[in-house]
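Peer 1: The structure that follows is given in the form of structure tokens.
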Amino acid sequence: MSISVEHPLGAEVALVRLAGEHDISTSHVLRRALSDLAGTAPLVVLDLRECLFVDSTILGVFAAAAKKLSGTGARLVAVNAGGIVAKAVRITGLDALLFPQADLDSAFMEALEQLTCTAVPTMP
């Protein structure tokens with residue numbers, strides 16, 4: 001089990017990768033990693049490609065982080081969720097909070113579009 005944080009497109013996008021099985025024993029590490037990103041990146045991408053299992057504690061961390069980030073104007077996006085992880089996100093309704101994307105490219109394209117739109121000055 002591992003959790004890593006990267007900034008592949010600069011400070012505007014944080015990529016949080018989960019690998020292995022995550023439950024109450026790793027929840028504090030994930031909670032801290034996501035909490036530390038609040039107010040720092042407009043887009044936080046959860047890459048779940050290598051995540052094999054999440055329990056209800058981790059799903060709660062996802063929900064709390066999505067709400068906290070939303071309160072700062074940021075968005076939490078889940079990508080590459082498969083199998084039991086995708087099913088857990090879907091049946092709990094978290095897909096409404098996590099804005100699932102099929103892959104990293106889709107999430108990064110959305111991020112670049114948002115950054116481009118917000119960077120264009122408006123005419124008076």
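Please note that chains go A, B, ... in the order of the structure tokens, that every chain numbers its residues from 1, and that ligands are numbered from 1 in the order shown.
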Per DSSP on the backbone, filter chain A down to the residues in strand (DSSP E or B) and report them as JSON, numbers by chain.

Peer 2: {"A": [2, 3, 4, 5, 6, 8, 10, 13, 14, 15, 16, 17, 18, 19, 20, 21, 22, 43, 44, 45, 46, 47, 48, 49, 50, 51, 52, 53, 54, 75, 76, 77, 78, 79, 101]}

Peer 1: Taking 5 positions as the minimum chain separation for residues in the same chain, which residues sit within 12 Å of Ile91 in chain A when counting only C-alpha atoms? Answer as a PyMOL selection string.

Peer 2: chain A and resi 56+59+84-86+96

Peer 1: Go ahead and write the selection's residues with N, CA and C atoms as a PDB file, in the first residue's frame.

Peer 2:
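Listing of part-v7.pdb after writing:
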```pdb
ATOM      1  N   SER A  56     -14.773   1.508   4.016  1.00  0.00           N
ATOM      2  CA  SER A  56     -15.662   2.647   4.240  1.00  0.00           C
ATOM      3  C   SER A  56     -14.929   3.845   4.840  1.00  0.00           C
ATOM      4  N   LEU A  59     -13.476   5.665   1.899  1.00  0.00           N
ATOM      5  CA  LEU A  59     -14.556   6.339   1.176  1.00  0.00           C
ATOM      6  C   LEU A  59     -14.970   7.610   1.920  1.00  0.00           C
ATOM      7  N   ILE A  84     -13.552  -3.504  -7.727  1.00  0.00           N
ATOM      8  CA  ILE A  84     -14.269  -3.283  -6.480  1.00  0.00           C
ATOM      9  C   ILE A  84     -14.198  -1.825  -6.022  1.00  0.00           C
ATOM     10  N   VAL A  85     -13.118  -1.125  -6.371  1.00  0.00           N
ATOM     11  CA  VAL A  85     -12.986   0.284  -5.987  1.00  0.00           C
ATOM     12  C   VAL A  85     -14.018   1.123  -6.744  1.00  0.00           C
ATOM     13  N   ALA A  86     -14.143   0.900  -8.044  1.00  0.00           N
ATOM     14  CA  ALA A  86     -15.132   1.627  -8.839  1.00  0.00           C
ATOM     15  C   ALA A  86     -16.543   1.325  -8.354  1.00  0.00           C
ATOM     16  N   ALA A  96     -20.755  11.280  -7.559  1.00  0.00           N
ATOM     17  CA  ALA A  96     -21.298  12.634  -7.695  1.00  0.00           C
ATOM     18  C   ALA A  96     -20.348  13.684  -7.112  1.00  0.00           C
TER      19      ALA A  96
END
```

Peer 1: Just want the 10 Å neighbourhood of Ser35 in chain A, counted on only C-alpha atoms, with same-chain residues fewer than 2 positions away dropped. Output as a ChimeraX atom specification.

Peer 2: /A:29-33,37-40,61,64-66,68-69

Peer 1: Next, write the just-selected residues to a file, as a short mmCIF file (atom, residue, chain, number, x, y, z; two decimals), in the first residue's frame, keeping N, CA and C atoms as the atom set.

Peer 2:
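Generated file (selection-v7.cif):
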```cif
data_model
loop_
_atom_site.label_atom_id
_atom_site.label_comp_id
_atom_site.auth_asym_id
_atom_site.auth_seq_id
_atom_site.Cartn_x
_atom_site.Cartn_y
_atom_site.Cartn_z
N VAL A 29 -2.94 8.82 6.80
CA VAL A 29 -1.95 9.30 5.84
C VAL A 29 -2.65 9.95 4.64
N LEU A 30 -3.68 9.29 4.13
CA LEU A 30 -4.44 9.84 3.01
C LEU A 30 -5.16 11.13 3.41
N ARG A 31 -5.77 11.11 4.59
CA ARG A 31 -6.49 12.30 5.07
C ARG A 31 -5.54 13.50 5.14
N ARG A 32 -4.35 13.29 5.67
CA ARG A 32 -3.37 14.37 5.79
C ARG A 32 -2.91 14.85 4.41
N ALA A 33 -2.63 13.92 3.52
CA ALA A 33 -2.17 14.28 2.17
C ALA A 33 -3.21 15.13 1.45
N LEU A 37 -3.46 19.58 0.66
CA LEU A 37 -3.62 20.14 -0.68
C LEU A 37 -4.72 21.20 -0.77
N ALA A 38 -5.58 21.27 0.24
CA ALA A 38 -6.68 22.25 0.23
C ALA A 38 -6.10 23.66 0.17
N GLY A 39 -6.57 24.41 -0.80
CA GLY A 39 -6.13 25.79 -0.96
C GLY A 39 -4.83 25.94 -1.74
N THR A 40 -4.25 24.82 -2.18
CA THR A 40 -2.98 24.92 -2.91
C THR A 40 -3.12 24.58 -4.39
N VAL A 61 -12.95 9.40 3.78
CA VAL A 61 -11.86 10.36 3.54
C VAL A 61 -12.06 11.02 2.18
N ALA A 64 -14.98 13.57 2.56
CA ALA A 64 -14.59 14.75 3.33
C ALA A 64 -13.64 15.64 2.54
N ALA A 65 -12.69 15.02 1.84
CA ALA A 65 -11.73 15.80 1.05
C ALA A 65 -12.43 16.52 -0.10
N ALA A 66 -13.37 15.84 -0.76
CA ALA A 66 -14.10 16.47 -1.86
C ALA A 66 -14.86 17.70 -1.36
N LYS A 68 -14.16 19.48 1.42
CA LYS A 68 -13.21 20.49 1.86
C LYS A 68 -12.61 21.23 0.67
N LEU A 69 -12.21 20.49 -0.35
CA LEU A 69 -11.63 21.10 -1.54
C LEU A 69 -12.66 21.97 -2.26
#
```

Peer 1: Which residue out of A:Ala11, A:Leu46, A:Met1, A:Ala41 has the minimum interatomic distance to Ser27 in chain A when only C-alpha atoms are used?

Peer 2: A:Met1

Peer 1: Write out as a count of residues only which residues come within 10 Å of range 102-107 of chain A when counting only C-alpha atoms, dropping same-chain ones fewer than 2 positions away.

Peer 2: 22

Peer 1: Which one of A:Leu97, A:Leu9, A:Val16, A:Val89 sits closest to Leu34 in chain A if you count only C-alpha atoms?

Peer 2: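 Comparing A:Leu97, A:Leu9, A:Val16, A:Val89 against Leu34 in chain A, the winner is A:Val16.
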
Peer 1: For a test of reading the model, state the distance in Å between CA of Asp55 in chain A and CA of Ala88 in chain A, rounded to one decimal.

Peer 2: 8.4 Å

Peer 1: Mind pulling up the distance from CA of Gly60 in chain A to CA of Asp95 in chain A?

Peer 2: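 About the pair CA of Asp95 in chain A and CA of Gly60 in chain A: they are 12.7 Å apart.
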
Peer 1: Which residues come within 7 Å of range 50-52 of chain A, counting only C-alpha atoms, excluding same-chain residues fewer than 3 positions away, as number ranges by chain?

Peer 2: A: 18-21, 85

Peer 1: Would you save the residues from that selection as a PDB file, in the first residue's frame, using C-alpha atoms?

Peer 2:
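Writing done, so here's out.pdb:
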```pdb
ATOM      1  CA  LEU A  18      -3.004   5.152  -4.341  1.00  0.00           C
ATOM      2  CA  ALA A  19      -1.593   1.658  -4.749  1.00  0.00           C
ATOM      3  CA  GLY A  20      -2.555  -1.530  -2.971  1.00  0.00           C
ATOM      4  CA  GLU A  21      -5.233  -1.933  -0.322  1.00  0.00           C
ATOM      5  CA  VAL A  85     -12.986   0.284  -5.987  1.00  0.00           C
TER       6      VAL A  85
END
```
